[in-house]
Structure formats: C-alpha cells, structure tokens
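Source file work18.txt; content: compact mmCIF, C-alpha atoms.
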```txt
# COMPACT_ATOMS: atom_id res chain seq x y z
CA MET X 14 -71.81 15.53 -75.58
CA ALA X 15 -74.35 17.64 -73.76
CA TRP X 16 -72.95 16.79 -70.34
CA LEU X 17 -69.49 17.78 -71.50
CA ASN X 18 -70.64 21.24 -72.51
CA VAL X 19 -72.51 21.63 -69.25
CA ILE X 20 -69.44 20.65 -67.22
CA SER X 21 -67.10 23.05 -69.01
CA LEU X 22 -69.70 25.79 -68.78
CA TRP X 23 -70.39 25.33 -65.08
CA MET X 24 -66.93 24.57 -63.80
CA ILE X 25 -65.48 28.06 -63.46
CA PRO X 26 -68.56 29.86 -62.06
CA VAL X 27 -69.15 27.03 -59.57
CA LEU X 28 -65.52 27.16 -58.48
CA ILE X 29 -65.67 30.93 -57.97
CA GLY X 30 -68.94 30.59 -56.07
CA PHE X 31 -67.57 27.88 -53.83
CA ILE X 32 -64.41 29.82 -52.95
CA LEU X 33 -66.39 32.96 -52.07
CA LEU X 34 -68.97 31.02 -50.08
CA TYR X 35 -66.28 29.20 -48.12
CA ALA X 36 -64.48 32.48 -47.35
CA THR X 37 -67.70 34.09 -46.12
CA TYR X 38 -68.38 31.04 -43.96
CA LYS X 39 -64.88 31.36 -42.48
CA LYS X 40 -65.52 35.10 -41.89
CA VAL X 41 -62.74 36.23 -44.23
CA PRO X 42 -63.23 39.73 -45.76
CA ALA X 43 -63.52 38.31 -49.29
CA TYR X 44 -63.59 41.54 -51.25
CA GLU X 45 -60.56 42.98 -49.48
CA SER X 46 -58.61 39.78 -50.01
CA PHE X 47 -59.60 39.75 -53.67
CA VAL X 48 -58.40 43.31 -54.27
CA GLU X 49 -55.16 42.68 -52.44
CA GLY X 50 -54.41 39.56 -54.44
CA GLY X 51 -55.49 41.13 -57.72
CA LYS X 52 -53.03 43.99 -57.34
CA GLU X 53 -50.17 41.55 -57.79
CA GLY X 54 -51.46 40.62 -61.23
CA ILE X 55 -50.77 44.07 -62.68
CA GLY X 56 -47.04 44.06 -61.95
CA MET X 57 -46.81 40.43 -62.97
CA ALA X 58 -48.30 41.06 -66.42
CA PHE X 59 -45.90 43.93 -67.03
CA SER X 60 -42.86 41.95 -65.94
CA ILE X 61 -43.63 39.21 -68.48
CA ILE X 62 -43.67 41.59 -71.46
CA PRO X 63 -39.92 41.66 -72.30
CA PHE X 64 -39.64 37.87 -71.99
CA LEU X 65 -42.56 37.23 -74.27
CA VAL X 66 -41.59 39.90 -76.82
CA GLY X 67 -38.10 38.42 -77.11
CA MET X 68 -39.32 34.86 -77.49
CA LEU X 69 -42.16 35.57 -79.91
CA VAL X 70 -40.01 37.75 -82.18
CA ALA X 71 -37.30 35.08 -82.44
CA ILE X 72 -39.85 32.38 -83.18
CA SER X 73 -41.64 34.40 -85.83
CA ILE X 74 -38.38 35.39 -87.57
CA PHE X 75 -37.52 31.70 -87.70
CA ARG X 76 -40.91 30.87 -89.14
CA ALA X 77 -41.34 33.79 -91.54
CA SER X 78 -37.91 33.30 -93.12
CA GLY X 79 -38.90 29.84 -94.23
CA ALA X 80 -36.21 28.21 -92.06
CA LEU X 81 -38.83 26.24 -90.15
CA ASP X 82 -40.22 24.73 -93.34
CA ALA X 83 -36.69 23.87 -94.45
CA ALA X 84 -36.00 22.14 -91.14
CA VAL X 85 -39.22 20.16 -91.51
CA ASN X 86 -38.26 19.05 -95.04
CA PHE X 87 -34.82 18.11 -93.80
CA VAL X 88 -36.02 15.65 -91.15
CA LYS X 89 -38.93 14.40 -93.25
CA PRO X 90 -37.17 11.31 -94.72
CA ALA X 91 -36.41 10.02 -91.22
CA PHE X 92 -40.10 10.29 -90.34
CA ASP X 93 -41.20 8.57 -93.53
CA LEU X 94 -38.86 5.74 -92.64
CA ILE X 95 -40.59 4.96 -89.34
CA GLY X 96 -44.03 5.31 -90.90
CA VAL X 97 -45.14 8.59 -89.32
CA PRO X 98 -46.97 10.74 -91.87
CA SER X 99 -44.85 13.80 -92.52
CA GLU X 100 -47.97 15.98 -92.64
CA ILE X 101 -47.88 15.87 -88.86
CA LEU X 102 -44.25 16.99 -88.62
CA PRO X 103 -44.68 20.79 -88.66
CA LEU X 104 -47.18 20.43 -85.83
CA ALA X 105 -44.84 18.23 -83.79
CA ILE X 106 -42.07 20.80 -84.14
CA ILE X 107 -44.19 23.89 -83.54
CA ARG X 108 -46.22 22.46 -80.61
CA PRO X 109 -43.61 23.21 -77.90
CA ILE X 110 -42.75 26.60 -79.43
CA SER X 111 -46.00 28.40 -80.16
CA GLY X 112 -49.42 27.51 -78.81
CA ASN X 113 -51.37 29.71 -81.20
CA ALA X 114 -49.47 28.49 -84.26
CA ALA X 115 -49.99 24.88 -83.15
CA LEU X 116 -53.70 25.44 -82.68
CA GLY X 117 -53.86 26.97 -86.16
CA MET X 118 -52.02 23.99 -87.64
CA THR X 119 -54.23 21.51 -85.83
CA SER X 120 -57.42 23.05 -87.20
CA ASP X 121 -55.79 23.25 -90.62
CA LEU X 122 -54.84 19.54 -90.59
CA ILE X 123 -58.30 18.57 -89.36
CA SER X 124 -60.00 20.62 -92.07
CA VAL X 125 -57.74 19.32 -94.87
CA TYR X 126 -57.63 15.63 -93.93
CA GLY X 127 -60.96 15.39 -92.13
CA PRO X 128 -61.60 14.96 -88.39
CA ASP X 129 -61.95 11.18 -88.64
CA SER X 130 -58.79 10.58 -90.68
CA PHE X 131 -55.58 9.25 -89.15
CA VAL X 132 -53.80 12.59 -89.55
CA GLY X 133 -56.79 14.50 -88.18
CA ARG X 134 -57.05 12.34 -85.08
CA LEU X 135 -53.31 12.38 -84.53
CA ALA X 136 -53.22 16.17 -84.75
CA ALA X 137 -56.05 16.43 -82.24
CA THR X 138 -54.36 14.05 -79.83
CA ILE X 139 -51.00 15.82 -80.06
CA GLN X 140 -52.66 19.18 -79.53
CA GLY X 141 -54.58 17.90 -76.53
CA SER X 142 -51.87 15.95 -74.79
CA THR X 143 -48.90 18.37 -74.75
CA ASP X 144 -48.39 21.97 -73.76
CA THR X 145 -46.39 24.89 -75.11
CA THR X 146 -43.09 24.40 -73.31
CA PHE X 147 -41.53 27.69 -74.43
CA TYR X 148 -44.55 29.68 -73.30
CA VAL X 149 -44.76 28.01 -69.91
CA LEU X 150 -41.03 28.46 -69.43
CA THR X 151 -41.01 32.10 -70.55
CA VAL X 152 -44.04 33.17 -68.57
CA TYR X 153 -43.41 31.24 -65.35
CA PHE X 154 -39.70 31.95 -65.07
CA GLY X 155 -40.05 35.45 -66.48
CA ALA X 156 -42.67 36.52 -63.98
CA VAL X 157 -40.57 35.63 -60.94
CA GLY X 158 -37.22 36.61 -62.42
CA ILE X 159 -35.45 33.30 -62.90
CA LYS X 160 -32.51 33.94 -65.20
CA ARG X 161 -30.67 30.62 -65.20
CA MET X 162 -33.04 27.85 -66.22
CA GLY X 163 -30.76 24.91 -65.58
CA ASP X 164 -32.06 21.71 -67.12
CA ALA X 165 -35.64 23.01 -67.35
CA LEU X 166 -35.74 23.49 -71.12
CA LYS X 167 -34.09 20.14 -71.85
CA VAL X 168 -36.51 18.34 -69.53
CA GLY X 169 -39.52 20.14 -71.02
CA LEU X 170 -38.59 19.42 -74.64
CA LEU X 171 -37.78 15.77 -73.94
CA ALA X 172 -41.14 15.43 -72.18
CA ASP X 173 -42.79 16.86 -75.31
CA LEU X 174 -40.98 14.29 -77.41
CA VAL X 175 -42.28 11.52 -75.17
CA GLY X 176 -45.77 13.00 -75.39
CA ILE X 177 -45.80 13.21 -79.18
CA THR X 178 -44.39 9.69 -79.52
CA ALA X 179 -47.02 8.44 -77.09
CA ALA X 180 -49.75 10.21 -79.08
CA ILE X 181 -48.63 8.53 -82.32
CA ILE X 182 -48.55 5.06 -80.75
CA VAL X 183 -51.85 5.49 -78.93
CA VAL X 184 -53.68 6.74 -82.03
CA ILE X 185 -52.33 3.87 -84.13
CA TYR X 186 -53.41 1.44 -81.41
CA PHE X 187 -56.95 2.83 -81.02
CA PHE X 188 -57.86 3.79 -84.56
CA GLY X 189 -55.45 1.81 -86.76
CA TYR X 190 -53.09 3.27 -89.26
CA MET D 7 -29.12 27.03 -73.13
CA VAL D 8 -32.00 29.47 -73.64
CA ASN D 9 -29.55 32.13 -74.75
CA TYR D 10 -28.20 29.89 -77.49
CA ILE D 11 -31.64 28.82 -78.68
CA TRP D 12 -32.87 32.39 -78.72
CA VAL D 13 -29.88 33.77 -80.63
CA GLY D 14 -29.81 30.65 -82.81
CA MET D 15 -33.43 30.90 -83.94
CA THR D 16 -33.05 34.60 -84.73
CA LEU D 17 -29.74 34.32 -86.58
CA ILE D 18 -30.68 31.22 -88.56
CA GLY D 19 -33.90 32.93 -89.55
CA ILE D 20 -32.16 36.11 -90.70
CA VAL D 21 -29.40 34.31 -92.59
CA TYR D 22 -31.90 31.94 -94.18
CA ALA D 23 -34.01 34.91 -95.28
CA MET D 24 -30.97 36.40 -97.06
CA PHE D 25 -30.78 33.39 -99.36
CA ASN D 26 -34.45 32.60 -99.50
CA GLY D 27 -35.54 36.10 -100.45
CA THR D 28 -37.94 36.35 -97.52
CA MET D 29 -36.49 39.49 -95.94
CA GLU D 30 -39.78 41.27 -96.38
CA GLN D 31 -41.68 38.64 -94.42
CA VAL D 32 -39.01 38.68 -91.69
CA ASN D 33 -39.27 42.45 -91.39
CA GLU D 34 -42.98 42.22 -91.03
CA ALA D 35 -42.71 39.34 -88.56
CA VAL D 36 -40.46 41.29 -86.20
CA PHE D 37 -42.89 44.11 -85.63
CA LYS D 38 -46.05 42.10 -85.85
CA SER D 39 -44.95 39.52 -83.28
CA ALA D 40 -43.55 42.14 -80.89
CA LYS D 41 -46.93 43.81 -80.93
CA GLU D 42 -48.64 40.47 -80.54
CA ALA D 43 -46.54 39.68 -77.47
CA VAL D 44 -47.51 42.93 -75.74
CA THR D 45 -51.17 42.41 -76.64
CA LEU D 46 -50.91 38.93 -75.20
CA CYS D 47 -49.49 40.27 -71.92
CA ILE D 48 -52.20 42.91 -71.62
CA GLY D 49 -54.79 40.23 -72.28
CA LEU D 50 -53.12 38.12 -69.65
CA MET D 51 -53.35 40.95 -67.14
CA SER D 52 -57.11 40.76 -66.82
CA ILE D 53 -56.90 37.04 -66.17
CA LEU D 54 -54.01 37.44 -63.74
CA VAL D 55 -55.74 40.15 -61.72
CA PHE D 56 -58.98 38.21 -61.51
CA TRP D 57 -57.60 34.77 -60.65
CA LEU D 58 -54.92 36.02 -58.29
CA GLY D 59 -57.69 37.91 -56.49
CA ILE D 60 -59.87 34.83 -56.23
CA MET D 61 -56.95 32.66 -55.17
CA LYS D 62 -56.00 35.17 -52.48
CA VAL D 63 -59.50 34.70 -51.08
CA ALA D 64 -58.96 30.93 -51.16
CA GLU D 65 -55.63 31.38 -49.44
CA ASP D 66 -56.92 33.68 -46.70
CA SER D 67 -59.77 31.32 -45.93
CA LYS D 68 -57.28 28.43 -45.59
CA LEU D 69 -59.08 26.59 -48.42
CA LEU D 70 -55.84 26.33 -50.38
CA GLU D 71 -54.11 24.77 -47.40
CA LYS D 72 -56.91 22.23 -47.06
CA VAL D 73 -56.68 21.20 -50.70
CA SER D 74 -52.94 20.77 -50.50
CA LEU D 75 -53.23 18.66 -47.34
CA MET D 76 -55.66 16.36 -49.14
CA THR D 77 -53.28 15.64 -52.00
CA LYS D 78 -50.19 15.68 -49.81
CA PRO D 79 -49.26 11.98 -50.08
CA VAL D 80 -48.82 12.12 -53.86
CA VAL D 81 -47.44 15.58 -54.38
CA ARG D 82 -44.96 15.31 -51.50
CA ARG D 83 -43.17 12.53 -53.34
CA LEU D 84 -42.82 14.68 -56.43
CA PHE D 85 -41.49 17.65 -54.49
CA PRO D 86 -39.38 16.27 -51.64
CA GLU D 87 -37.79 19.67 -51.04
CA VAL D 88 -41.05 21.49 -50.40
CA PRO D 89 -42.39 21.27 -46.81
CA SER D 90 -45.95 19.93 -47.03
CA SER D 91 -47.52 22.86 -45.15
CA HIS D 92 -45.68 25.46 -47.27
CA PRO D 93 -47.94 27.72 -49.41
CA ALA D 94 -45.99 26.60 -52.51
CA MET D 95 -47.64 23.19 -52.15
CA GLY D 96 -51.12 24.69 -52.28
CA TYR D 97 -50.36 26.60 -55.46
CA ILE D 98 -48.69 23.63 -57.12
CA VAL D 99 -51.70 21.43 -56.40
CA SER D 100 -54.20 24.07 -57.56
CA ASN D 101 -52.20 24.63 -60.75
CA ILE D 102 -52.14 20.90 -61.56
CA MET D 103 -55.88 20.68 -60.89
CA ALA D 104 -56.65 23.71 -63.05
CA ASN D 105 -54.67 22.10 -65.89
CA MET D 106 -56.50 18.82 -65.40
CA PHE D 107 -59.88 20.45 -65.84
CA GLY D 108 -58.68 22.43 -68.83
CA LEU D 109 -58.82 25.78 -67.03
CA GLY D 110 -55.75 27.11 -68.79
CA ASN D 111 -56.64 30.67 -67.83
CA ALA D 112 -56.69 29.84 -64.16
CA ALA D 113 -53.60 27.63 -64.36
CA THR D 114 -51.17 30.35 -65.45
CA PRO D 115 -51.56 32.71 -62.46
CA LEU D 116 -51.45 29.75 -60.08
CA GLY D 117 -48.30 28.47 -61.76
CA ILE D 118 -46.65 31.85 -61.42
CA LYS D 119 -47.59 32.01 -57.72
CA ALA D 120 -46.17 28.52 -57.22
CA MET D 121 -42.92 29.62 -58.89
CA GLU D 122 -42.79 32.69 -56.66
CA GLN D 123 -43.09 30.53 -53.55
CA LEU D 124 -40.52 28.03 -54.86
CA LYS D 125 -38.14 30.92 -55.45
CA LYS D 126 -38.60 32.05 -51.85
CA LEU D 127 -37.84 28.51 -50.71
CA ASN D 128 -34.67 28.61 -52.78
CA GLY D 129 -33.37 31.70 -50.98
CA ASP D 130 -34.49 34.12 -53.73
CA LYS D 131 -31.79 32.95 -56.11
CA THR D 132 -32.23 33.73 -59.81
CA SER D 133 -31.38 30.20 -60.91
CA ALA D 134 -33.95 27.42 -61.22
CA SER D 135 -34.16 25.03 -58.27
CA ARG D 136 -34.82 21.31 -58.46
CA SER D 137 -38.48 21.74 -57.49
CA MET D 138 -38.96 24.43 -60.14
CA ILE D 139 -37.70 22.13 -62.88
CA THR D 140 -39.97 19.32 -61.67
CA PHE D 141 -42.90 21.71 -61.61
CA LEU D 142 -42.16 22.80 -65.18
CA ALA D 143 -41.84 19.21 -66.36
CA ILE D 144 -45.30 18.44 -64.98
CA ASN D 145 -46.71 21.61 -66.49
CA THR D 146 -45.36 21.15 -70.00
CA SER D 147 -46.88 17.69 -70.17
CA SER D 148 -50.04 18.97 -68.51
CA VAL D 149 -52.50 16.20 -67.79
CA THR D 150 -55.85 17.24 -69.27
CA LEU D 151 -58.99 15.29 -68.46
CA ILE D 152 -61.08 16.98 -71.15
CA PRO D 153 -59.32 18.74 -74.05
CA THR D 154 -62.16 21.20 -74.66
CA THR D 155 -60.51 23.26 -77.44
CA VAL D 156 -59.70 20.21 -79.53
CA ILE D 157 -63.21 18.82 -79.11
CA ALA D 158 -64.62 22.16 -80.22
CA ILE D 159 -62.47 22.12 -83.38
CA ARG D 160 -63.51 18.55 -84.16
CA MET D 161 -67.16 19.52 -83.73
CA ASN D 162 -66.66 22.42 -86.12
CA TYR D 163 -65.48 20.04 -88.81
CA HIS D 164 -68.33 17.57 -88.19
CA ALA D 165 -66.40 14.65 -86.73
CA SER D 166 -68.59 11.54 -86.47
CA SER D 167 -67.87 11.48 -82.73
CA PRO D 168 -65.98 14.62 -81.62
CA THR D 169 -65.15 13.16 -78.22
CA ASP D 170 -63.67 9.85 -79.39
CA ILE D 171 -60.14 11.24 -78.96
CA VAL D 172 -60.69 12.03 -75.26
CA PHE D 173 -59.55 8.68 -73.93
CA PRO D 174 -56.54 8.31 -76.28
CA THR D 175 -55.52 11.87 -75.40
CA LEU D 176 -55.75 11.07 -71.71
CA ILE D 177 -53.49 8.04 -72.11
CA ALA D 178 -50.99 9.99 -74.20
CA THR D 179 -50.89 12.84 -71.73
CA VAL D 180 -50.45 10.52 -68.74
CA ILE D 181 -47.56 8.79 -70.52
CA SER D 182 -45.96 12.14 -71.29
CA ALA D 183 -46.41 13.30 -67.68
CA ILE D 184 -44.78 10.13 -66.34
CA GLY D 185 -42.07 10.51 -68.98
CA GLY D 186 -41.52 14.12 -67.95
CA ILE D 187 -41.18 13.19 -64.28
CA LEU D 188 -38.74 10.37 -65.05
CA ILE D 189 -36.64 12.60 -67.34
CA ASP D 190 -36.62 15.26 -64.61
CA ARG D 191 -35.42 12.70 -62.07
CA TYR D 192 -32.72 11.51 -64.44
CA PHE D 193 -31.35 15.02 -64.90
CA TYR D 194 -31.52 15.64 -61.14
CA TYR D 195 -29.41 12.60 -60.34
CA ARG D 196 -27.03 13.51 -63.15
CA ARG D 197 -26.53 16.96 -61.61
CA LYS D 198 -26.08 15.33 -58.23
CA ARG D 199 -23.39 13.00 -59.53
CA LYS D 200 -21.56 15.96 -60.97
CA GLY D 201 -21.84 17.68 -57.60
CA ARG D 202 -23.92 20.55 -58.87
CA GLU D 203 -26.91 20.04 -56.61
```
Translate the structure described by the file into structure tokens.
Amino acid sequence: MAWLNVISLWMIPVLIGFILLYATYKKVPAYESFVEGGKEGIGMAFSIIPFLVGMLVAISIFRASGALDAAVNFVKPAFDLIGVPSEILPLAIIRPISGNAALGMTSDLISVYGPDSFVGRLAATIQGSTDTTFYVLTVYFGAVGIKRMGDALKVGLLADLVGITAAIIVVIYFFGY
Amino acid sequence: MVNYIWVGMTLIGIVYAMFNGTMEQVNEAVFKSAKEAVTLCIGLMSILVFWLGIMKVAEDSKLLEKVSLMTKPVVRRLFPEVPSSHPAMGYIVSNIMANMFGLGNAATPLGIKAMEQLKKLNGDKTSASRSMITFLAINTSSVTLIPTTVIAIRMNYHASSPTDIVFPTLIATVISAIGGILIDRYFYYRRKRKGRE
C-alpha cells in the first residue's frame, strides 16, 4: 500500500520536473512557452460552459423528477433474471452520465454493503474501469466546436455497456458470487 | 442523436415531475446544476491553464514528438488517418498515458488539444471525423493502471485489502477498451458501406 501512495504522490511533480528539465536542456525558453500555452486554457474553459450547463441541467432534471429511479425499477426484473444484483443498477445507468453522481453512489454502495461484499467490490470495479462518456463527449467536442457527433455517442455508450458487463463477469470470477 | 437525448431527458423529467409531484425538486435542480456546471468550468480553467502551459513546454522541446514516435507502431494502427509525425499523435498518446496513470486532471486538457488537432486534420469541419470517434471510444473506456479514487474510498471504509480490486479492474477496463475499439471499427465500416465516409 505504501508504495502505491508514494507513486501517486510523486508522479505529477516528477513529470513536471522532467518536462522542465528536458526543455532547459534543449535550450527552450520554458517560462515563455508555458505562458503561451496556458493562455489557451482560459478561452477553452469559457467555451465549455454552455455545453456543460446544458448537459448537467438536463441530467439533473431527469434525476430530480424521479424519472431515473422509475427507469431503474422498470428494468430491474430483467437484471434479477440474469442474476445481477439490482442494487448495482442505478450506478450502471448513472456511470456514463454523471461522474460525480457515480462516485457518490459508489461510496454509498460501499458504505452500505461493506467494501468486501460482492456489491461493494462490483461497485468499485465499475467505477474504476469506465469513464463518464457524456462528460468526455461534452467537454472534448464542446471545446473545439464539434456540432455533429456522428456515431460517437453510440460507440461510447456501447463501450460502457461492454465495460460494465466485463466488470460483473470479472468480479464474479475473482471473488465469487 | 445528442439533440434527441438532451431534449428527451429534459422533457421526460418535466412530464414525470408533473405526475410524481416533484416539481419543487426539478425547479431546484435546474438552477443548482446550472451553477454547478459553471463552477466546474471555472475549476477546470486552473487545470487547463496549468497543464496546457506545461504541455506547450513539452511540445516546444520536441519531447511530445519523441514520446509519440516511441509508441507509433501501436497507435498508428488505431488512427490510420493521422500521419505519425502530426502533433495530434503526440497529444493522443499523452492523453492515453495520463489516463493510464490516473492523472484525470492532466488527461482532459491533452484530450482537448488532441481533438483540436484532429479537427484541423479534418479540414476544420464541425462534424466528428473517424479519428475523433475512435479517440472518444478509447477515452470513455479509459484504461487505468491504478484506480486511486476507488482505492481511497475502499480504504475509508476499512476494506480488508483496499487494493484487491486493482487487478480485476485492470482486466475489466482492458476488455472495455478492446470492446470500444471493436465497436468503433464496426460503426466505421457500417458508415463506409452506406457511403457516408
């Protein structure tokens, strides 16, 4: 465990140090380059705002109205049928949509069922092995002004489905049901 | 597609609230989440400014180019439309690496830069190119070597071995990445058959 903390603690500072050292060695004016590159970040952050506001408002309306819970209850029988505990369902649905909500749900499931329970481990694995598709899509495409997403959303959501299915199978295989 | 999902989520939510008696919560959600989104963007700005600055240094010193040349054989196969010496390649590789090491903060600015370069390659069109969709597929199934946040949560709740999910998570994420790439390929060839690519 200790080495893990050390690695995550050291990684970013060492990376920054290495990049700056390499630039100095190559006689690149590091500070000037830094400022020039950093300027871009300001405009970028502003350009994302409308995309993120739109997406987050829609998601939270859907959640606050209780429609999300209803959807979860609706598909629950199908999950029970294939032996996946339905406690995990809200997380599986929310994971691609909202990263913060998913993180909240994961810690909730772990605290309620215990970190070493099947549900607790499954929640942790799902949280760790997939990413928030809607966020990535909104931020990445929003920042550079892509309006027509093509198949991107479909591909992303299907990949999430594969990821969650894989997580369920892997956890059953490693820790038993 | 996004338009329908966006309108759909909002409308279903509002209509459902009418019958469910949750109008008050919906009202609150609208303003709270709008504010949250702006706060999120402002928070993102500090990270964007810092990492884009650092990455510009890496770019100017040709370090980025070096990294992308090293991983060329693998990444070139995933992005056949991106010339291997193009700056997009460097950003794509750095983004994937940042994700791998769980540096989510660093990954976002790099991902945006990669998108910017891919857009340039695509003649500045506002529609997503093949490479962009592939890049997104890889990103949404981001391969993480060490899921630090999850480990931290498990430690908080006194798991007997907080890191015992690291290996299962790695396998699951690799499967989802491979799945994502295959699904992306499938949709690409489907578009091609229909003459849209």
Write down, as number ranges by chain, each residue of chain D that has any atom within 6 Å of an atom of chain X, counting all atoms listed in the file.
D: 15-16, 19, 23, 28, 31-32, 35-36, 39-40, 43-44, 47, 51, 54-56, 58-60, 62-64, 67, 118, 122, 132-134, 139, 143, 146-147, 153, 156, 160, 165, 175, 178-179, 182, 185-186, 190
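The spacing separating CA of Met95 in chain D from CA of Trp23 in chain X amounts to 26.3 Å.
Between CA of Thr140 in chain D and CA of Lys200 in chain D the interatomic distance comes to 18.7 Å.
Each of D:Met24, D:Ala112, D:Pro89, D:Ala104 was checked against Leu124 in chain D using all atoms listed in the file; the smallest atom-to-atom distance is that of D:Pro89.
CA of Ile101 in chain X sits 26.7 Å away from CA of Val13 in chain D.
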Please provide as a list in words all residues within 12 Å of range 90-92 of chain X, with the sequence filter that same-chain residues fewer than 3 positions apart are discarded (counting all atoms listed in the file).
Ala84, Val85, Asn86, Phe87, Ile95, Gly96, Val97, Pro98, Ser99, Glu100, Ile101, Leu102, Pro103, Ala105, Thr178 and Ile181 of chain X
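For Leu116 in chain D, the residues within 7 Å (counting only C-alpha atoms, excluding itself and residues fewer than 4 positions away along the chain) are D:Tyr97, D:Ser100, D:Asn101, D:Ala112, D:Ala120.
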Expected axis-aligned box over every listed atom of range 73-89 of chain D, 5 Å added per side, centre plus edges in Å to one decimal, as JSON:
```
{"center_x": -47.2, "center_y": 16.7, "center_z": -51.6, "size_x": 28.9, "size_y": 19.5, "size_z": 19.6}
```
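With distances restricted to only C-alpha atoms, D:Ile159 is the closest residue to Leu122 in chain X from D:Leu176, D:Ile159, D:Ala183, D:Ile11.
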Working from the structure I just supplied, which lacks atoms in range 100-117 of chain X, can you model N, CA and C atoms there and output them as a PDB file, in the frame of the given file?
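out_22.pdb, freshly written:
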```pdb
ATOM      1  N   GLU X 100     -47.047  14.854 -92.772  1.00  0.00           N
ATOM      2  CA  GLU X 100     -47.970  15.980 -92.640  1.00  0.00           C
ATOM      3  C   GLU X 100     -48.018  16.479 -91.202  1.00  0.00           C
ATOM      4  N   ILE X 101     -47.741  15.560 -90.266  1.00  0.00           N
ATOM      5  CA  ILE X 101     -47.880  15.870 -88.860  1.00  0.00           C
ATOM      6  C   ILE X 101     -46.626  16.591 -88.323  1.00  0.00           C
ATOM      7  N   LEU X 102     -45.549  16.520 -89.088  1.00  0.00           N
ATOM      8  CA  LEU X 102     -44.250  16.990 -88.620  1.00  0.00           C
ATOM      9  C   LEU X 102     -44.211  18.471 -88.210  1.00  0.00           C
ATOM     10  N   PRO X 103     -44.726  19.377 -89.070  1.00  0.00           N
ATOM     11  CA  PRO X 103     -44.680  20.790 -88.660  1.00  0.00           C
ATOM     12  C   PRO X 103     -45.370  21.007 -87.306  1.00  0.00           C
ATOM     13  N   LEU X 104     -46.469  20.303 -87.099  1.00  0.00           N
ATOM     14  CA  LEU X 104     -47.180  20.430 -85.830  1.00  0.00           C
ATOM     15  C   LEU X 104     -46.324  19.950 -84.663  1.00  0.00           C
ATOM     16  N   ALA X 105     -45.679  18.786 -84.863  1.00  0.00           N
ATOM     17  CA  ALA X 105     -44.840  18.230 -83.790  1.00  0.00           C
ATOM     18  C   ALA X 105     -43.720  19.182 -83.419  1.00  0.00           C
ATOM     19  N   ILE X 106     -43.181  19.885 -84.422  1.00  0.00           N
ATOM     20  CA  ILE X 106     -42.070  20.800 -84.140  1.00  0.00           C
ATOM     21  C   ILE X 106     -42.580  22.103 -83.515  1.00  0.00           C
ATOM     22  N   ILE X 107     -43.718  22.575 -83.993  1.00  0.00           N
ATOM     23  CA  ILE X 107     -44.190  23.890 -83.540  1.00  0.00           C
ATOM     24  C   ILE X 107     -44.916  23.795 -82.186  1.00  0.00           C
ATOM     25  N   ARG X 108     -45.416  22.599 -81.834  1.00  0.00           N
ATOM     26  CA  ARG X 108     -46.220  22.460 -80.610  1.00  0.00           C
ATOM     27  C   ARG X 108     -45.536  23.000 -79.357  1.00  0.00           C
ATOM     28  N   PRO X 109     -44.242  22.681 -79.112  1.00  0.00           N
ATOM     29  CA  PRO X 109     -43.610  23.210 -77.900  1.00  0.00           C
ATOM     30  C   PRO X 109     -43.289  24.694 -78.005  1.00  0.00           C
ATOM     31  N   ILE X 110     -43.253  25.236 -79.244  1.00  0.00           N
ATOM     32  CA  ILE X 110     -42.750  26.600 -79.430  1.00  0.00           C
ATOM     33  C   ILE X 110     -43.872  27.636 -79.385  1.00  0.00           C
ATOM     34  N   SER X 111     -44.947  27.387 -80.087  1.00  0.00           N
ATOM     35  CA  SER X 111     -46.000  28.400 -80.160  1.00  0.00           C
ATOM     36  C   SER X 111     -47.388  27.774 -80.081  1.00  0.00           C
ATOM     37  N   GLY X 112     -48.096  28.091 -79.029  1.00  0.00           N
ATOM     38  CA  GLY X 112     -49.420  27.510 -78.810  1.00  0.00           C
ATOM     39  C   GLY X 112     -50.429  27.928 -79.862  1.00  0.00           C
ATOM     40  N   ASN X 113     -50.413  29.230 -80.212  1.00  0.00           N
ATOM     41  CA  ASN X 113     -51.370  29.710 -81.200  1.00  0.00           C
ATOM     42  C   ASN X 113     -51.109  29.121 -82.576  1.00  0.00           C
ATOM     43  N   ALA X 114     -49.821  29.064 -82.966  1.00  0.00           N
ATOM     44  CA  ALA X 114     -49.470  28.490 -84.260  1.00  0.00           C
ATOM     45  C   ALA X 114     -49.876  27.020 -84.309  1.00  0.00           C
ATOM     46  N   ALA X 115     -49.653  26.312 -83.193  1.00  0.00           N
ATOM     47  CA  ALA X 115     -49.990  24.880 -83.150  1.00  0.00           C
ATOM     48  C   ALA X 115     -51.493  24.690 -83.284  1.00  0.00           C
ATOM     49  N   LEU X 116     -52.244  25.546 -82.603  1.00  0.00           N
ATOM     50  CA  LEU X 116     -53.700  25.440 -82.680  1.00  0.00           C
ATOM     51  C   LEU X 116     -54.172  25.690 -84.113  1.00  0.00           C
ATOM     52  N   GLY X 117     -53.546  26.681 -84.766  1.00  0.00           N
ATOM     53  CA  GLY X 117     -53.860  26.970 -86.160  1.00  0.00           C
ATOM     54  C   GLY X 117     -53.568  25.768 -87.051  1.00  0.00           C
TER      55      GLY X 117
END
```
